[in-house]
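Text of the file model-v6.cif, holding mmCIF, C-alpha atoms:
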```cif
data_target
loop_
_atom_site.label_atom_id
_atom_site.label_comp_id
_atom_site.auth_asym_id
_atom_site.auth_seq_id
_atom_site.Cartn_x
_atom_site.Cartn_y
_atom_site.Cartn_z
CA MET Z 1 -61.90 -49.48 -12.65
CA THR Z 2 -59.40 -51.56 -14.57
CA LYS Z 3 -58.67 -55.24 -14.93
CA GLY Z 4 -56.85 -56.58 -11.88
CA ASP Z 5 -58.17 -53.93 -9.48
CA GLN Z 6 -58.89 -55.26 -5.99
CA LEU Z 7 -62.33 -54.73 -4.48
CA ALA Z 8 -62.84 -53.33 -0.99
CA GLU Z 9 -62.20 -55.89 1.75
CA ILE Z 10 -64.76 -56.55 4.48
CA VAL Z 11 -63.73 -58.24 7.73
CA LYS Z 12 -66.31 -59.63 10.17
CA LEU Z 13 -66.42 -61.75 13.27
CA ILE Z 14 -69.10 -64.41 12.98
CA ASP Z 15 -70.21 -65.43 16.44
CA GLN Z 16 -73.15 -67.45 17.73
CA ASN Z 17 -75.09 -64.29 18.53
CA SER Z 18 -74.86 -63.06 14.94
CA ILE Z 19 -75.79 -66.53 13.62
CA ASN Z 20 -78.84 -66.65 15.89
CA CYS Z 21 -79.80 -63.19 14.75
CA TYR Z 22 -79.56 -64.29 11.10
CA ALA Z 23 -81.70 -67.36 11.88
CA ARG Z 24 -84.45 -65.07 13.16
CA ALA Z 25 -84.15 -62.73 10.17
CA SER Z 26 -84.14 -65.54 7.59
CA GLY Z 27 -86.49 -68.00 9.27
CA ASP Z 28 -83.83 -70.74 8.94
CA TYR Z 29 -83.64 -72.50 12.31
CA ASN Z 30 -81.75 -75.58 11.13
CA PRO Z 31 -80.01 -76.81 14.34
CA ILE Z 32 -76.75 -77.11 12.42
CA HIS Z 33 -76.70 -73.31 12.75
CA ILE Z 34 -78.19 -72.59 16.14
CA ASP Z 35 -78.03 -75.65 18.40
CA GLU Z 36 -74.53 -75.99 19.82
CA LYS Z 37 -75.28 -79.33 21.51
CA TYR Z 38 -76.77 -80.79 18.31
CA ALA Z 39 -73.81 -79.53 16.28
CA ALA Z 40 -71.26 -80.98 18.69
CA ARG Z 41 -73.06 -84.34 18.61
CA SER Z 42 -74.34 -84.68 15.05
CA SER Z 43 -72.64 -82.22 12.74
CA PRO Z 44 -69.55 -83.29 10.77
CA PHE Z 45 -68.10 -79.88 11.67
CA GLU Z 46 -68.51 -80.45 15.45
CA SER Z 47 -69.60 -76.84 15.82
CA THR Z 48 -72.46 -74.66 14.69
CA ILE Z 49 -71.92 -73.09 11.27
CA ALA Z 50 -73.13 -69.82 9.82
CA HIS Z 51 -75.84 -69.80 7.16
CA GLY Z 52 -74.30 -69.72 3.69
CA MET Z 53 -76.44 -66.75 2.72
CA MET Z 54 -75.29 -64.83 5.79
CA ILE Z 55 -71.68 -65.14 4.64
CA ALA Z 56 -72.63 -64.52 1.01
CA ALA Z 57 -74.18 -61.23 2.12
CA THR Z 58 -70.69 -59.88 2.81
CA ILE Z 59 -69.84 -60.37 -0.88
CA SER Z 60 -72.90 -58.36 -1.81
CA GLU Z 61 -71.81 -55.66 0.69
CA MET Z 62 -68.38 -55.60 -0.95
CA MET Z 63 -69.91 -55.20 -4.41
CA ASN Z 64 -72.17 -52.44 -3.11
CA ILE Z 65 -69.16 -50.42 -1.95
CA ASP Z 66 -67.71 -50.22 -5.46
CA PHE Z 67 -70.83 -50.36 -7.61
CA LYS Z 68 -73.51 -48.80 -5.37
CA ASP Z 69 -77.04 -48.67 -6.87
CA ASP Z 70 -76.00 -50.53 -10.02
CA TRP Z 71 -75.34 -53.60 -7.89
CA ALA Z 72 -78.90 -53.80 -6.50
CA SER Z 73 -80.49 -53.17 -9.89
CA ASN Z 74 -78.50 -55.49 -12.16
CA GLY Z 75 -75.84 -57.45 -10.25
CA LYS Z 76 -75.37 -61.17 -10.80
CA LEU Z 77 -73.73 -63.65 -8.44
CA LYS Z 78 -72.69 -67.24 -8.96
CA LEU Z 79 -71.34 -68.74 -5.73
CA LYS Z 80 -70.15 -72.07 -4.43
CA PHE Z 81 -70.16 -72.70 -0.69
CA ARG Z 82 -66.89 -74.61 -0.35
CA ALA Z 83 -66.32 -74.79 3.40
CA PRO Z 84 -68.40 -73.92 6.43
CA VAL Z 85 -67.81 -70.80 8.47
CA LEU Z 86 -67.84 -71.84 12.11
CA SER Z 87 -69.11 -69.82 15.02
CA GLY Z 88 -66.12 -67.78 16.25
CA ASP Z 89 -64.50 -67.43 12.82
CA THR Z 90 -63.35 -64.11 11.44
CA ILE Z 91 -64.06 -63.84 7.75
CA THR Z 92 -62.58 -61.60 5.08
CA THR Z 93 -64.02 -60.96 1.65
CA PHE Z 94 -61.80 -60.82 -1.44
CA GLY Z 95 -62.46 -59.76 -4.98
CA ASN Z 96 -60.77 -58.46 -8.08
CA VAL Z 97 -61.79 -57.26 -11.52
CA LYS Z 98 -61.31 -60.17 -13.91
CA ASP Z 99 -62.61 -58.59 -17.10
CA ILE Z 100 -64.22 -55.43 -18.42
CA SER Z 101 -66.02 -55.42 -21.76
CA GLU Z 102 -67.69 -52.57 -23.55
CA ARG Z 103 -71.40 -52.92 -24.24
CA SER Z 104 -73.86 -50.77 -26.20
CA CYS Z 105 -74.98 -48.92 -23.08
CA GLY Z 106 -71.86 -49.05 -20.94
CA TYR Z 107 -69.62 -51.78 -19.59
CA GLU Z 108 -69.94 -55.26 -18.19
CA ILE Z 109 -67.54 -55.89 -15.34
CA ILE Z 110 -66.75 -59.42 -14.22
CA CYS Z 111 -65.17 -59.94 -10.81
CA SER Z 112 -63.77 -62.98 -9.04
CA VAL Z 113 -65.15 -62.88 -5.53
CA GLY Z 114 -65.10 -64.90 -2.35
CA VAL Z 115 -64.81 -65.14 1.39
CA ARG Z 116 -61.89 -66.56 3.37
CA ARG Z 117 -61.91 -67.87 6.92
CA HIS Z 118 -59.24 -66.66 9.34
CA THR Z 119 -57.58 -70.06 8.87
CA GLY Z 120 -56.96 -69.15 5.22
CA GLU Z 121 -59.50 -71.66 3.96
CA ILE Z 122 -61.82 -70.39 1.23
CA ALA Z 123 -65.41 -70.61 2.42
CA ILE Z 124 -67.11 -69.18 -0.67
CA SER Z 125 -65.81 -68.54 -4.16
CA GLY Z 126 -67.48 -67.40 -7.32
CA GLU Z 127 -68.09 -64.70 -9.80
CA ALA Z 128 -69.99 -61.42 -9.80
CA ARG Z 129 -71.12 -59.54 -12.91
CA ILE Z 130 -72.45 -56.06 -13.23
CA SER Z 131 -73.42 -53.69 -16.00
CA THR Z 132 -72.53 -50.10 -15.44
CA LYS Z 133 -72.50 -46.90 -17.48
CA GLY Z 134 -68.95 -46.05 -16.51
CA SER Z 135 -66.00 -48.34 -15.85
CA MET S 1 -92.05 -84.76 3.21
CA GLU S 2 -91.50 -87.43 0.56
CA TYR S 3 -88.82 -85.77 -1.53
CA GLU S 4 -88.61 -88.67 -4.00
CA SER S 5 -92.13 -87.86 -5.15
CA LEU S 6 -91.24 -84.29 -6.15
CA VAL S 7 -91.05 -83.79 -9.91
CA LEU S 8 -88.94 -81.25 -11.79
CA GLY S 9 -91.05 -78.18 -12.48
CA ASP S 10 -93.16 -78.61 -9.35
CA ILE S 11 -93.87 -75.33 -7.62
CA VAL S 12 -92.55 -76.02 -4.14
CA SER S 13 -93.20 -72.62 -2.62
CA GLU S 14 -95.35 -69.58 -3.33
CA ARG S 15 -95.54 -66.76 -0.82
CA PHE S 16 -96.24 -63.07 -0.54
CA TYR S 17 -94.02 -60.90 1.64
CA ASN S 18 -94.02 -57.32 2.81
CA VAL S 19 -90.52 -55.90 2.74
CA ASP S 20 -91.26 -53.73 5.73
CA SER S 21 -88.83 -51.62 7.66
CA ASP S 22 -88.74 -54.03 10.65
CA THR S 23 -87.90 -57.00 8.40
CA VAL S 24 -85.07 -55.14 6.66
CA GLU S 25 -83.69 -53.69 9.88
CA ALA S 26 -83.65 -57.16 11.47
CA TYR S 27 -81.77 -58.40 8.41
CA LEU S 28 -79.26 -55.53 8.58
CA GLU S 29 -78.65 -56.20 12.27
CA ALA S 30 -78.11 -59.91 11.53
CA ILE S 31 -75.41 -59.22 8.94
CA GLY S 32 -73.80 -56.51 11.06
CA ALA S 33 -74.77 -53.67 8.72
CA SER S 34 -76.68 -50.51 9.45
CA LYS S 35 -79.61 -48.68 7.94
CA PRO S 36 -78.53 -45.98 5.48
CA ALA S 37 -78.07 -42.65 7.23
CA ASP S 38 -80.43 -40.94 4.79
CA ALA S 39 -83.20 -43.54 5.15
CA ASP S 40 -86.58 -41.97 5.68
CA ASN S 41 -88.13 -42.72 9.05
CA ASP S 42 -91.32 -44.08 7.50
CA GLY S 43 -89.21 -46.60 5.61
CA LYS S 44 -90.48 -45.72 2.15
CA ASP S 45 -87.49 -44.01 0.64
CA TRP S 46 -84.71 -46.48 1.00
CA PHE S 47 -83.83 -49.74 -0.67
CA ALA S 48 -83.61 -53.19 0.84
CA PRO S 49 -80.23 -54.90 0.40
CA PRO S 50 -80.64 -57.30 -2.54
CA MET S 51 -79.48 -60.21 -0.39
CA SER S 52 -82.29 -59.51 2.06
CA VAL S 53 -84.72 -60.02 -0.82
CA ALA S 54 -82.96 -63.27 -1.72
CA ALA S 55 -83.21 -64.37 1.93
CA LEU S 56 -86.97 -63.75 1.83
CA GLY S 57 -87.24 -65.94 -1.26
CA LEU S 58 -85.37 -68.74 0.46
CA ARG S 59 -87.44 -68.42 3.63
CA GLY S 60 -90.47 -69.90 1.87
CA VAL S 61 -88.41 -72.72 0.34
CA ILE S 62 -86.97 -73.70 3.72
CA GLN S 63 -90.38 -73.74 5.35
CA ASP S 64 -92.51 -75.19 2.53
CA LEU S 65 -90.03 -77.94 1.67
CA SER S 66 -89.62 -78.79 5.38
CA ILE S 67 -85.87 -78.83 4.88
CA PRO S 68 -84.51 -81.47 7.29
CA GLU S 69 -81.90 -80.96 10.00
CA GLY S 70 -78.35 -81.06 8.74
CA THR S 71 -79.15 -79.83 5.21
CA LEU S 72 -76.31 -77.85 3.61
CA HIS S 73 -76.52 -75.06 1.06
CA VAL S 74 -73.89 -75.83 -1.57
CA SER S 75 -74.35 -73.24 -4.28
CA GLN S 76 -76.30 -70.12 -5.05
CA ASP S 77 -76.86 -68.15 -8.24
CA LEU S 78 -78.61 -64.78 -8.06
CA GLU S 79 -79.58 -62.14 -10.55
CA PHE S 80 -80.84 -58.80 -9.26
CA ASN S 81 -83.10 -57.16 -11.82
CA LYS S 82 -84.53 -54.23 -9.94
CA ALA S 83 -83.79 -52.57 -6.61
CA VAL S 84 -86.57 -53.13 -4.05
CA LYS S 85 -87.82 -50.23 -1.95
CA VAL S 86 -88.51 -50.85 1.70
CA GLY S 87 -92.29 -51.05 1.97
CA ALA S 88 -92.68 -53.06 -1.24
CA LYS S 89 -94.83 -56.19 -1.50
CA LEU S 90 -93.27 -59.17 -3.25
CA PHE S 91 -94.41 -62.49 -4.63
CA CYS S 92 -91.85 -65.29 -4.34
CA GLN S 93 -92.11 -68.53 -6.27
CA ALA S 94 -89.74 -71.52 -6.23
CA LYS S 95 -89.79 -74.34 -8.78
CA LEU S 96 -87.94 -77.61 -8.43
CA SER S 97 -85.10 -77.87 -10.97
CA GLN S 98 -83.09 -80.80 -9.58
CA ASN S 99 -83.96 -83.79 -7.43
CA SER S 100 -81.28 -86.43 -7.52
CA ILE S 101 -79.31 -88.81 -5.33
CA ARG S 102 -75.52 -88.76 -5.45
CA SER S 103 -73.29 -90.71 -3.06
CA GLY S 104 -76.35 -91.47 -0.98
CA LYS S 105 -77.26 -87.80 -0.54
CA ARG S 106 -80.23 -85.99 -2.02
CA PHE S 107 -79.45 -82.92 -4.10
CA ILE S 108 -82.37 -80.52 -4.40
CA ALA S 109 -82.22 -77.38 -6.54
CA VAL S 110 -84.92 -74.75 -6.84
CA ASP S 111 -85.27 -71.86 -9.26
CA LEU S 112 -86.42 -68.72 -7.49
CA LYS S 113 -88.39 -65.90 -9.03
CA ILE S 114 -89.44 -62.82 -7.11
CA GLU S 115 -91.84 -60.25 -8.55
CA ASN S 116 -93.17 -56.92 -7.35
CA THR S 117 -96.83 -55.90 -7.48
CA ASP S 118 -96.36 -54.67 -11.08
CA ARG S 119 -95.38 -58.26 -11.97
CA ALA S 120 -91.86 -57.05 -12.75
CA THR S 121 -89.19 -59.58 -11.85
CA VAL S 122 -86.90 -58.11 -9.21
CA LEU S 123 -84.76 -61.19 -8.57
CA THR S 124 -84.16 -64.64 -9.99
CA GLY S 125 -81.87 -67.32 -8.65
CA LYS S 126 -81.06 -70.95 -8.17
CA SER S 127 -80.34 -72.57 -4.81
CA THR S 128 -78.81 -76.00 -4.49
CA LEU S 129 -79.15 -77.90 -1.23
CA VAL S 130 -77.76 -81.24 -0.09
CA MET S 131 -79.83 -83.17 2.37
CA PRO S 132 -78.29 -85.63 4.82
CA SER S 133 -78.58 -89.31 3.96
#
```

If you took the structure in this file and wrote it as structure tokens, what would it be?
Amino acid sequence: MTKGDQLAEIVKLIDQNSINCYARASGDYNPIHIDEKYAARSSPFESTIAHGMMIAATISEMMNIDFKDDWASNGKLKLKFRAPVLSGDTITTFGNVKDISERSCGYEIICSVGVRRHTGEIAISGEARISTKGS
Amino acid sequence: MEYESLVLGDIVSERFYNVDSDTVEAYLEAIGASKPADADNDGKDWFAPPMSVAALGLRGVIQDLSIPEGTLHVSQDLEFNKAVKVGAKLFCQAKLSQNSIRSGKRFIAVDLKIENTDRATVLTGKSTLVMPS
């Protein structure tokens, strides 16, 4: 890997069924995510929105493609949830290698990462770091 | 819950979880991913996605803090220290690190720490939530 390299892109449709499924898996039943009537009435987004961690998981999937086991054993993520992902959105991850520095036991790779809605709006942005033996 | 009475450093959640095969498979289904093709059927020889471990840590926070309707998750830091095998038992602890009001909204941050049965830290993180006014 070299500075400027793009990371693998992941594209997903986020629908109400997948949001409900994530609510069950995470135990987060906030009606802003799962109750369409509540969301239409009381949410500033006028629609249900996906859980931030559900969308953030796609960034972790992206990192796993390029860094495999190293990601699960020493990856670091710093994310800001900038805009909601609404039910029915298609999301796409993005990422590129921002910096690579040599360390005593390998390399530290810093990547800019994020998720974009199909509207072009950035839903999540942040940084991922990983230590790896090879660059 | 009276959030104004929470003090920085308070332990707001402590829970034990089994990272069993059903839990991880439900998580994988929810994020539209699949179980690794080489995963052992008894669920002992494959690793849980690190974000599934983070989601477990947050599960206790959401429930124990009685997070109100309309709460938004605004930022998340995570550090994965050790891959977690499916079948592992984990201890998750969350400590309050921010409790403030800004523009009429309450900002709550918790520091997460997740350990395995050897007391090795497998994940740390910080979650920041904004509660509706």

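Selection by the PyMOL selection byres ((chain S) within 6 of (chain Z)) on the present file picks out Ala26, Tyr27, Ala30, Pro50, Met51, Ala55, Arg59, Glu69, Gly70, Val74, Ser75, Gln76, Asp77, Leu78, Glu79, Phe80, Asn81, Lys82 and Ala83 of chain S.
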
request  = Give me the residues within 9 Å of Ser13 in chain S as a list of chain:residue names, counting only C-alpha atoms and dropping any in the same chain fewer than 4 places off.
outcome  = S:Gly60, S:Val61, S:Ile62, S:Gln63, S:Asp64, S:Leu65, S:Cys92, S:Gln93, S:Ala94, S:Lys95

Just C-alpha atoms for this one: save the residues we selected as a PDB file, in the frame of the given file.
```pdb
ATOM      1  CA  GLY S  60     -90.470 -69.900   1.870  1.00  0.00           C
ATOM      2  CA  VAL S  61     -88.410 -72.720   0.340  1.00  0.00           C
ATOM      3  CA  ILE S  62     -86.970 -73.700   3.720  1.00  0.00           C
ATOM      4  CA  GLN S  63     -90.380 -73.740   5.350  1.00  0.00           C
ATOM      5  CA  ASP S  64     -92.510 -75.190   2.530  1.00  0.00           C
ATOM      6  CA  LEU S  65     -90.030 -77.940   1.670  1.00  0.00           C
ATOM      7  CA  CYS S  92     -91.850 -65.290  -4.340  1.00  0.00           C
ATOM      8  CA  GLN S  93     -92.110 -68.530  -6.270  1.00  0.00           C
ATOM      9  CA  ALA S  94     -89.740 -71.520  -6.230  1.00  0.00           C
ATOM     10  CA  LYS S  95     -89.790 -74.340  -8.780  1.00  0.00           C
TER      11      LYS S  95
END
```

ask   = Which residue, S:Ser5, S:Thr71, S:Ser133, S:Ser34, has the smallest gap to Gly104 in chain S when you use only C-alpha atoms?
value = S:Ser133

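Using the PyMOL selection byres ((chain Z and resi 102) around 12) on the file at hand returns these residues: Asp99, Ile100, Ser101, Arg103, Ser104, Cys105, Gly106, Tyr107, Glu108, Ile109, Ile110, Ile130, Ser131, Thr132, Lys133, Gly134 and Ser135 of chain Z.
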
Enclose range 11-17 of chain Z, meaning all of its atoms listed in the file, in a box aligned along x, y and z, pad it by 3 Å on each side, and list the centre and edge lengths in Å to one decimal, as JSON.
```
{"center_x": -69.4, "center_y": -62.8, "center_z": 13.1, "size_x": 17.4, "size_y": 15.2, "size_z": 16.8}
```

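If you look at CA of Gly87 in chain S and CA of Val19 in chain S, they are 5.2 Å away from each other.
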
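In this comparison, which uses all atoms listed in the file, the residue of S:Ile67, S:Leu28, S:Val53, S:Val110 approaching Glu2 in chain S most closely is S:Ile67.
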
request  = Identify all residues satisfying the PyMOL selection byres ((chain S and resi 111) around 7) in the given file; provide them as a list in words.
outcome  = Ala94, Lys95, Leu96, Ser97, Ala109, Val110, Leu112, Lys113, Gly125, Lys126 and Ser127 of chain S

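Omitting Met62 in chain Z and its sequence neighbours fewer than 2 positions away, and counting only C-alpha atoms, the residues within 10 Å are Leu7, Ala8, Glu9, Ile10, Ala57, Thr58, Ile59, Ser60, Asn64, Ile65, Asp66, Phe67, Lys68, Thr93, Phe94, Gly95, Val113 and Gly114 of chain Z.
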
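Straight-line separation from CA of Glu4 in chain S to CA of Arg106 in chain S: 9.0 Å.
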